[in-house]
Each structure stands twice: as C-alpha cells, then as structure tokens.
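As provided, data-v3.txt (compact mmCIF, C-alpha atoms) reads as follows.
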```
# COMPACT_ATOMS: atom_id res chain seq x y z
CA MET L 1 6.84 -69.17 20.37
CA TRP L 2 8.27 -66.28 22.40
CA ASP L 3 12.07 -66.22 22.25
CA PRO L 4 13.19 -62.61 21.75
CA SER L 5 16.62 -61.11 22.33
CA LYS L 6 17.20 -59.64 25.78
CA GLY L 7 17.68 -56.12 24.45
CA ILE L 8 18.96 -53.74 21.80
CA LYS L 9 22.67 -53.87 20.95
CA LEU L 10 24.30 -50.44 21.03
CA GLY L 11 27.91 -51.30 20.25
CA PRO L 12 29.46 -52.90 23.33
CA ILE L 13 26.37 -52.02 25.41
CA THR L 14 23.05 -53.84 25.45
CA LEU L 15 19.96 -51.85 26.39
CA HIS L 16 17.81 -54.49 28.04
CA PHE L 17 14.11 -54.35 27.27
CA TYR L 18 13.26 -54.63 30.96
CA SER L 19 15.37 -51.54 31.71
CA LEU L 20 13.83 -49.78 28.73
CA MET L 21 10.34 -50.46 30.07
CA PHE L 22 11.34 -48.95 33.42
CA ILE L 23 12.67 -45.86 31.64
CA LEU L 24 9.44 -45.53 29.68
CA ALA L 25 7.35 -46.01 32.82
CA PHE L 26 9.11 -43.24 34.74
CA GLY L 27 9.51 -40.98 31.72
CA LEU L 28 5.86 -41.15 30.73
CA GLY L 29 4.84 -40.93 34.38
CA TYR L 30 6.84 -37.70 34.71
CA VAL L 31 5.09 -36.19 31.67
CA ILE L 32 1.61 -37.22 32.83
CA MET L 33 2.18 -35.98 36.38
CA GLY L 34 3.39 -32.66 34.98
CA TYR L 35 0.13 -32.39 33.04
CA ILE L 36 -1.85 -33.26 36.17
CA PHE L 37 -0.07 -30.50 38.09
CA ARG L 38 -1.00 -28.02 35.36
CA ILE L 39 -4.64 -29.12 35.53
CA ASP L 40 -4.62 -28.58 39.30
CA ASN L 41 -2.68 -25.30 38.99
CA VAL L 42 0.18 -26.65 41.09
CA ASN L 43 3.62 -25.09 40.65
CA GLN L 44 5.88 -27.31 38.52
CA LYS L 45 8.68 -26.88 41.06
CA TYR L 46 7.01 -29.62 43.11
CA LEU L 47 7.33 -32.11 40.25
CA GLU L 48 11.08 -32.80 40.47
CA PRO L 49 11.13 -33.83 44.15
CA LEU L 50 8.08 -36.04 43.59
CA PHE L 51 9.88 -37.80 40.74
CA THR L 52 13.02 -38.26 42.86
CA TRP L 53 11.23 -39.68 45.89
CA THR L 54 9.06 -41.91 43.71
CA LEU L 55 12.10 -43.30 41.89
CA VAL L 56 13.99 -44.00 45.11
CA GLY L 57 10.97 -45.54 46.83
CA THR L 58 10.06 -47.74 43.86
CA ILE L 59 13.50 -49.25 43.22
CA LEU L 60 14.61 -49.63 46.84
CA GLY L 61 11.24 -50.87 48.04
CA ALA L 62 10.77 -53.28 45.14
CA ARG L 63 14.21 -54.77 45.65
CA LEU L 64 13.87 -55.16 49.42
CA GLY L 65 10.35 -56.52 48.96
CA HIS L 66 11.57 -59.25 46.63
CA VAL L 67 14.38 -60.31 48.96
CA ILE L 68 12.23 -60.21 52.12
CA PHE L 69 9.19 -61.96 50.64
CA TYR L 70 10.78 -64.33 48.12
CA GLN L 71 14.54 -64.66 48.68
CA PRO L 72 15.48 -63.83 52.30
CA GLU L 73 18.50 -66.13 52.21
CA LEU L 74 20.22 -63.52 50.02
CA PHE L 75 20.89 -61.38 53.09
CA LYS L 76 23.37 -64.05 54.25
CA GLN L 77 24.52 -65.44 50.91
CA ASP L 78 25.33 -62.18 49.10
CA PHE L 79 24.42 -59.14 51.21
CA TRP L 80 25.65 -56.42 48.85
CA SER L 81 23.61 -57.79 45.95
CA VAL L 82 20.47 -56.87 47.90
CA PHE L 83 21.19 -53.14 47.62
CA LEU L 84 23.51 -52.86 44.62
CA PRO L 85 23.10 -53.98 40.97
CA ILE L 86 25.93 -56.49 41.35
CA GLN L 87 26.64 -60.09 42.29
CA THR L 88 29.69 -60.80 44.48
CA LYS L 89 29.34 -64.56 44.97
CA PRO L 90 30.40 -66.99 43.56
CA GLU L 91 32.02 -64.34 41.33
CA PHE L 92 31.74 -60.60 40.87
CA LYS L 93 29.35 -59.61 38.10
CA PHE L 94 27.20 -56.63 37.16
CA THR L 95 23.61 -57.86 37.10
CA GLY L 96 21.42 -54.77 37.17
CA PHE L 97 18.49 -54.67 39.57
CA SER L 98 16.85 -58.03 39.00
CA GLY L 99 14.25 -59.42 41.35
CA LEU L 100 11.73 -56.68 42.17
CA ALA L 101 8.45 -57.03 44.05
CA SER L 102 5.51 -54.67 43.55
CA HIS L 103 4.30 -55.16 47.13
CA GLY L 104 7.62 -53.87 48.46
CA ALA L 105 7.55 -50.92 46.06
CA THR L 106 4.05 -50.02 47.23
CA ILE L 107 4.99 -50.04 50.91
CA ALA L 108 8.07 -47.89 50.27
CA LEU L 109 6.09 -45.45 48.10
CA ILE L 110 3.53 -44.97 50.85
CA PHE L 111 6.28 -43.73 53.20
CA THR L 112 8.24 -41.65 50.67
CA THR L 113 5.01 -39.99 49.55
CA LEU L 114 4.10 -39.20 53.15
CA TYR L 115 7.39 -37.33 53.48
CA TYR L 116 6.82 -35.53 50.18
CA ALA L 117 3.25 -34.58 51.12
CA TYR L 118 4.04 -33.24 54.61
CA LYS L 119 7.50 -31.72 54.09
CA ILE L 120 7.55 -30.58 50.45
CA ILE L 121 4.18 -29.93 48.80
CA ARG L 122 2.32 -29.66 52.14
CA LYS L 123 -0.93 -31.21 51.02
CA ASN L 124 -3.05 -34.02 52.38
CA PRO L 125 -1.15 -37.25 51.51
CA PHE L 126 -4.32 -38.63 49.92
CA TRP L 127 -4.22 -35.75 47.42
CA VAL L 128 -0.82 -37.00 46.28
CA TYR L 129 -1.77 -40.69 46.43
CA ASP L 130 -4.82 -40.06 44.21
CA ARG L 131 -2.60 -38.70 41.47
CA ILE L 132 0.33 -41.06 41.85
CA GLY L 133 -2.06 -44.00 41.52
CA ILE L 134 -2.92 -42.89 37.99
CA VAL L 135 0.66 -42.99 36.73
CA VAL L 136 1.61 -46.07 38.76
CA ALA L 137 -1.17 -48.05 37.06
CA LEU L 138 0.33 -47.26 33.65
CA GLY L 139 3.87 -47.82 34.93
CA GLY L 140 2.87 -51.26 36.19
CA ALA L 141 1.81 -52.19 32.66
CA PHE L 142 5.26 -51.29 31.31
CA VAL L 143 6.97 -53.33 34.03
CA ARG L 144 4.90 -56.40 33.15
CA LEU L 145 5.79 -55.91 29.48
CA GLY L 146 9.41 -55.95 30.60
CA ASN L 147 8.74 -59.25 32.39
CA PHE L 148 7.22 -60.58 29.17
CA PHE L 149 10.30 -59.61 27.16
CA ASN L 150 12.44 -61.38 29.76
CA SER L 151 10.19 -64.48 29.71
CA GLU L 152 9.87 -64.24 33.50
CA ILE L 153 6.90 -64.51 35.89
CA ILE L 154 5.49 -66.98 33.40
CA GLY L 155 2.08 -68.60 33.60
CA LYS L 156 1.05 -72.14 34.37
CA THR L 157 0.72 -74.76 31.68
CA VAL L 158 -2.24 -74.54 29.35
CA ASN L 159 -3.79 -76.69 26.62
CA PRO L 160 -1.86 -76.20 23.34
CA SER L 161 -5.14 -75.46 21.54
CA SER L 162 -5.83 -72.46 23.80
CA PRO L 163 -5.58 -69.05 22.07
CA PHE L 164 -3.45 -67.94 25.03
CA ALA L 165 -0.87 -70.74 24.74
CA ILE L 166 2.69 -69.41 24.41
CA LEU L 167 6.04 -71.20 24.51
CA PHE L 168 8.81 -69.63 26.62
CA PRO L 169 11.97 -71.57 25.66
CA GLN L 170 14.20 -69.15 27.59
CA MET L 171 12.79 -70.58 30.83
CA SER L 172 13.52 -74.22 29.99
CA ASN L 173 16.51 -74.30 32.36
CA GLU L 174 14.29 -73.35 35.28
CA TYR L 175 11.04 -75.12 34.44
CA GLY L 176 12.21 -78.07 32.32
CA VAL L 177 10.83 -79.02 28.92
CA THR L 178 9.22 -76.07 27.13
CA VAL L 179 5.43 -76.44 27.17
CA PRO L 180 2.57 -74.03 26.35
CA ARG L 181 1.88 -71.56 29.14
CA TYR L 182 -0.38 -68.59 29.91
CA PRO L 183 1.15 -65.15 29.17
CA SER L 184 0.28 -64.01 32.68
CA GLN L 185 2.49 -60.93 32.28
CA LEU L 186 0.29 -59.67 29.45
CA PHE L 187 -2.90 -60.37 31.40
CA GLU L 188 -1.66 -58.08 34.17
CA ALA L 189 -0.40 -55.46 31.73
CA VAL L 190 -3.78 -55.23 29.99
CA GLY L 191 -5.54 -55.00 33.36
CA TYR L 192 -3.28 -52.14 34.46
CA VAL L 193 -3.80 -50.21 31.22
CA LEU L 194 -7.57 -50.46 31.66
CA LEU L 195 -7.19 -49.32 35.27
CA PHE L 196 -5.14 -46.32 34.12
CA ILE L 197 -7.85 -45.36 31.63
CA LEU L 198 -10.56 -45.67 34.30
CA LEU L 199 -8.65 -43.57 36.84
CA TRP L 200 -7.81 -40.93 34.25
CA VAL L 201 -11.44 -40.58 33.16
CA LEU L 202 -12.62 -40.32 36.77
CA TYR L 203 -9.92 -37.78 37.60
CA ARG L 204 -10.44 -35.67 34.49
CA TYR L 205 -14.19 -35.71 34.04
CA THR L 206 -15.71 -36.16 37.50
CA ASN L 207 -15.43 -34.47 40.90
CA LYS L 208 -13.88 -37.51 42.54
CA LYS L 209 -10.46 -35.85 42.71
CA TYR L 210 -11.97 -33.46 45.28
CA GLN L 211 -12.88 -36.42 47.52
CA GLN L 212 -9.33 -37.00 48.65
CA GLY L 213 -8.42 -40.68 48.90
CA TRP L 214 -11.30 -42.03 46.80
CA LEU L 215 -9.25 -42.49 43.61
CA PHE L 216 -6.39 -43.94 45.61
CA GLY L 217 -8.67 -46.41 47.36
CA LEU L 218 -10.20 -47.47 44.04
CA PHE L 219 -6.69 -47.85 42.61
CA PHE L 220 -5.73 -50.18 45.47
CA VAL L 221 -8.90 -52.27 45.25
CA ILE L 222 -8.71 -52.85 41.49
CA LEU L 223 -4.94 -53.14 41.04
CA TRP L 224 -4.47 -55.67 43.81
CA SER L 225 -7.57 -57.57 42.74
CA ILE L 226 -6.05 -57.90 39.28
CA ARG L 227 -2.86 -59.16 40.87
CA PHE L 228 -4.80 -61.55 43.13
CA PHE L 229 -6.72 -63.25 40.32
CA VAL L 230 -3.86 -63.39 37.80
CA GLU L 231 -1.78 -65.18 40.45
CA PHE L 232 -4.00 -68.24 39.92
CA LEU L 233 -2.44 -68.53 36.45
CA LYS L 234 1.19 -67.93 37.49
CA GLU L 235 3.99 -70.30 38.35
CA PRO L 236 5.39 -69.79 41.89
CA GLN L 237 8.11 -67.15 42.13
CA GLY L 238 10.97 -68.78 43.98
CA ASP L 239 10.43 -70.34 47.40
CA GLU L 240 7.10 -68.86 48.43
CA PHE L 241 7.16 -69.41 52.18
CA ILE L 242 4.12 -67.16 52.77
CA SER L 243 0.89 -69.02 52.04
CA PHE L 244 -2.58 -69.37 53.52
CA ALA L 245 -5.65 -71.44 52.60
CA GLY L 246 -4.14 -72.42 49.27
CA LEU L 247 -3.21 -68.85 48.36
CA ASN L 248 0.35 -68.05 47.29
CA THR L 249 2.60 -65.24 48.52
CA GLY L 250 1.43 -62.69 45.96
CA GLN L 251 -2.21 -63.32 46.84
CA VAL L 252 -1.72 -63.25 50.60
CA LEU L 253 0.14 -59.95 50.34
CA SER L 254 -2.51 -58.48 48.03
CA VAL L 255 -5.48 -59.07 50.34
CA PRO L 256 -4.48 -56.43 52.97
CA PHE L 257 -4.00 -53.83 50.22
CA ILE L 258 -7.48 -54.56 48.83
CA ILE L 259 -8.98 -54.13 52.30
CA ILE L 260 -7.02 -50.91 52.88
CA GLY L 261 -8.27 -49.55 49.57
CA ALA L 262 -11.90 -50.27 50.45
CA VAL L 263 -11.52 -48.61 53.87
CA VAL L 264 -9.88 -45.53 52.35
CA MET L 265 -12.74 -45.20 49.83
CA LEU L 266 -15.24 -45.43 52.68
CA TYR L 267 -13.58 -42.74 54.80
CA SER L 268 -12.65 -40.45 51.89
CA LYS L 269 -15.95 -38.58 52.41
CA LYS L 270 -14.27 -36.94 55.40
CA PHE L 271 -11.55 -35.42 53.20
CA LYS L 272 -13.63 -33.57 50.61
CA ILE L 273 -12.26 -30.23 49.39
CA THR L 274 -13.52 -27.55 47.03
CA GLU L 275 -12.02 -26.67 43.69
CA ALA L 276 -10.52 -23.54 45.23
CA GLU L 277 -8.96 -25.53 48.09
CA ASN L 278 -7.49 -27.96 45.53
CA GLU L 279 -5.26 -25.25 44.10
CA ARG L 280 -2.13 -24.45 46.04
CA PRO L 281 -1.03 -20.81 45.92
CA ASP L 282 2.69 -20.11 45.47
```
Taking this structure as input, can you express it in the form of structure tokens?
Amino acid sequence: MWDPSKGIKLGPITLHFYSLMFILAFGLGYVIMGYIFRIDNVNQKYLEPLFTWTLVGTILGARLGHVIFYQPELFKQDFWSVFLPIQTKPEFKFTGFSGLASHGATIALIFTTLYYAYKIIRKNPFWVYDRIGIVVALGGAFVRLGNFFNSEIIGKTVNPSSPFAILFPQMSNEYGVTVPRYPSQLFEAVGYVLLFILLWVLYRYTNKKYQQGWLFGLFFVILWSIRFFVEFLKEPQGDEFISFAGLNTGQVLSVPFIIIGAVVMLYSKKFKITEAENERPD
C-alpha cells in the first residue's frame, strides 16, 4: 500500500515531495557539474550560466512538452496555466508546475545548451552535452521518485502475488477501484541511477570524454531505451493522440532520440580532442 502525504508541513506551507525532488536534482546536479569542471580545469565562472540555462530550459520545455504532446486543449481552455504555476479556470488557484514531459525538456535543453556552448563557454556543444547527460541521468531518477511520491504515472495492473504489486489509493478517482499495479516510476528511477553510474565511470576512468559526443550519444540511446520499454508497463498519460503500430506517445517520441543517439556515437570519432585541447584557458 502506497498512500503517503503529499509533502512536509512547515507551518502554513507544505513542501511537496515532488518539488523537493526537483530541488535535490538541480542542487546535486550543480555540485556534480562543479566537480566535473574542476576535473576538466574549466573556470567555475562558467558554472552559474550553465545552471541558469539548464533550469530555464528544463522547466519551460517540460511544461510546453506536456501540453503539446498530452494536453493541447489547455492552450484554449486555460492559456496562462501553460506558462505559469496557476489555474485560472474554473477558479483561480496556485497549482505549481504540474504536468511536465521529459521529451519537451530534452528538446529545450538541446537549444539552450547550444546557446551556452557557442556564446558563453565557447566549446563544441557535444563537450557540454557529454557532461550534462551525466547529471541529467541522476536528475531524472529524482523526478521519477517525485512521481512515485505523488502516485502519478502509475503502472498497469499486475497479479497481486507479484513482488512488484503496489496499491496506489490516491489514484482511485482517476483509475477507479484501487488494484495492484507496477511501480513503473521506480523502474525508471533505478534505470536512470544505473545509467548515471555507467556514464560517470566512463567519463572518469576512460578516454571517452575526449571523443566529443560519444557519452552524449550513449546517454540518449540508453535513457530513451529505458523509457521506451518501461512504457509497456505504464497506464496512458492523458489523451495520447500520438501513436503508431501499437506504441504509445512516450514510445513514439523516444524512438527518434534513440536513433539520434546512435548516429551521434557513430560520428563522434570526428570530434576527438586531446587532453590539452580539453582544458580551456582563462
């Protein structure tokens, strides 16, 4: 039985677990990226703008991605709720940023990182992508833990005798009578943690970080493959109007990213640099 409180009561304010997971994801990501910059002898002054652009790209892209891919009617029904953490119809209410899509966040991050790479740190964008992928993998695990605390993005029904069977009573209003389901959020979270460990080991103890784009391509291939296969165990997220050959929206959107990752890995041989070239002088 999984029926936790929504957050931690701090007087009149409730710190929601989902928000807390986002804070942990960005906070820990900031620390790890700072350590990566020290390893690569990159001036720490480039860390703050990277954090800012990553934060903006993640939240704005994730929100727009959810509305475009899963809830496009919101543009007409309650336009301001798309961009602001509020609801204006049928009544005004502060809601926080609910409804976020990882595919949208990824697309936005690609563009914000391009700006950061060319205009701020002035390195090959793949150099930045290789390192962002490491922290994003861990951040994705925290986000899925937040989904688990919220009892959202739940799995399909499963035999009660299964060791993975969990009851999510908080979702009874949306899915009817509470029945055992897969904890699909935890499956993804575990997969992302393992991906983080793999990327960190490859970055820290091999020369793959000098083959610009290789780590990023591997990150794309594995992360979106995890998402693709876990989707088979998930309940549909809203009205999924994008489908093909029995695949749901999340799977259809993941396939292009997997292909892109494989192509980037293949062509990364053209972007090899030396250890000396990896370091940026002030």
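In terms of minimum interatomic distance to L:Ser172, L:Asp3 ranks closest within L:Asp3, L:Arg131, L:Phe257, L:Leu50, counting only C-alpha atoms.
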Could you give me, as a ChimeraX atom specification, the residues within 10 Å of L:Trp200, counting only C-alpha atoms and dropping anything in the same chain fewer than 3 positions from it?
-> /L:36,131,133-135,194-197,203-206,215
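Closest to L:Val56 among L:Leu109, L:Ile68, L:Ile8, L:Ile39 is L:Leu109, based on only C-alpha atoms.
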Can you pull out every residue within 10 Å of L:Tyr129, counting only C-alpha atoms, but drop anything in the same chain fewer than 3 positions away, and send it as a ChimeraX atom specification?
-> /L:109-110,113-114,117,124-126,132-134,136,212-217,219
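With atom CA of L:Leu223 on one side and atom CA of L:Gly191 on the other, the separation reads 7.9 Å.
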Using only C-alpha atoms, give me every residue within 12 Å of (-7.9, -71.0, 27.5) in file coordinates, as a VMD selection string.
-> chain L and resid 155 to 166 180 to 184 233
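The closest residue to L:Val42, picked from L:His16, L:Arg63, L:His103, L:Lys123 and counting all atoms listed in the file, is L:Lys123.
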Would you compute an axis-aligned box for stretch 122-129 of chain L, covering every atom listed for it in the file with 3 Å of margin on each side, and report centre and edge lengths in Å to one decimal as AutoDock Vina command-line options?
```
--center_x -1.0 --center_y -35.2 --center_z 49.3 --size_x 12.6 --size_y 17.0 --size_z 12.1
```
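The gap separating atom CA of L:Asp130 from atom CA of L:Glu48 is 17.9 Å, in Å to one decimal.
Among L:Arg144, L:Lys234, L:Lys119, L:Lys272, the residue with the shortest atom-to-atom distance to L:Gln211, counting all atoms listed in the file, is L:Lys272.
Pairwise distance (atom CA of L:Gly29, atom CA of L:Gly139) equals 7.0 Å.
The shortest atom-to-atom distance to L:Trp53, with only C-alpha atoms taken into account, belongs to L:Thr112 out of L:Thr112, L:Asn173, L:Val263, L:Tyr18.
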Nearest to L:Gly65, chosen from L:Gly261, L:Pro4, L:Pro49, L:Gly250, with only C-alpha atoms counted in the distances | L:Gly250
Nearby residues (all atoms listed in the file) at most 7 Å from L:Ala189, same-chain spacing under 2 positions excluded, as a PyMOL selection string = chain L and resi 140-141+144-145+185-187+191-193
Give me the residues within 10 Å of L:Ala101 as a ChimeraX atom specification, counting only C-alpha atoms and dropping any in the same chain fewer than 3 places off.
-> /L:58-59,61-70,98,104-106,250
Quick one: residues within 12 Å of L:Ala276, only C-alpha atoms counted, chain neighbours fewer than 6 positions away excluded, as a PyMOL selection string?
-> chain L and resi 40-42+210
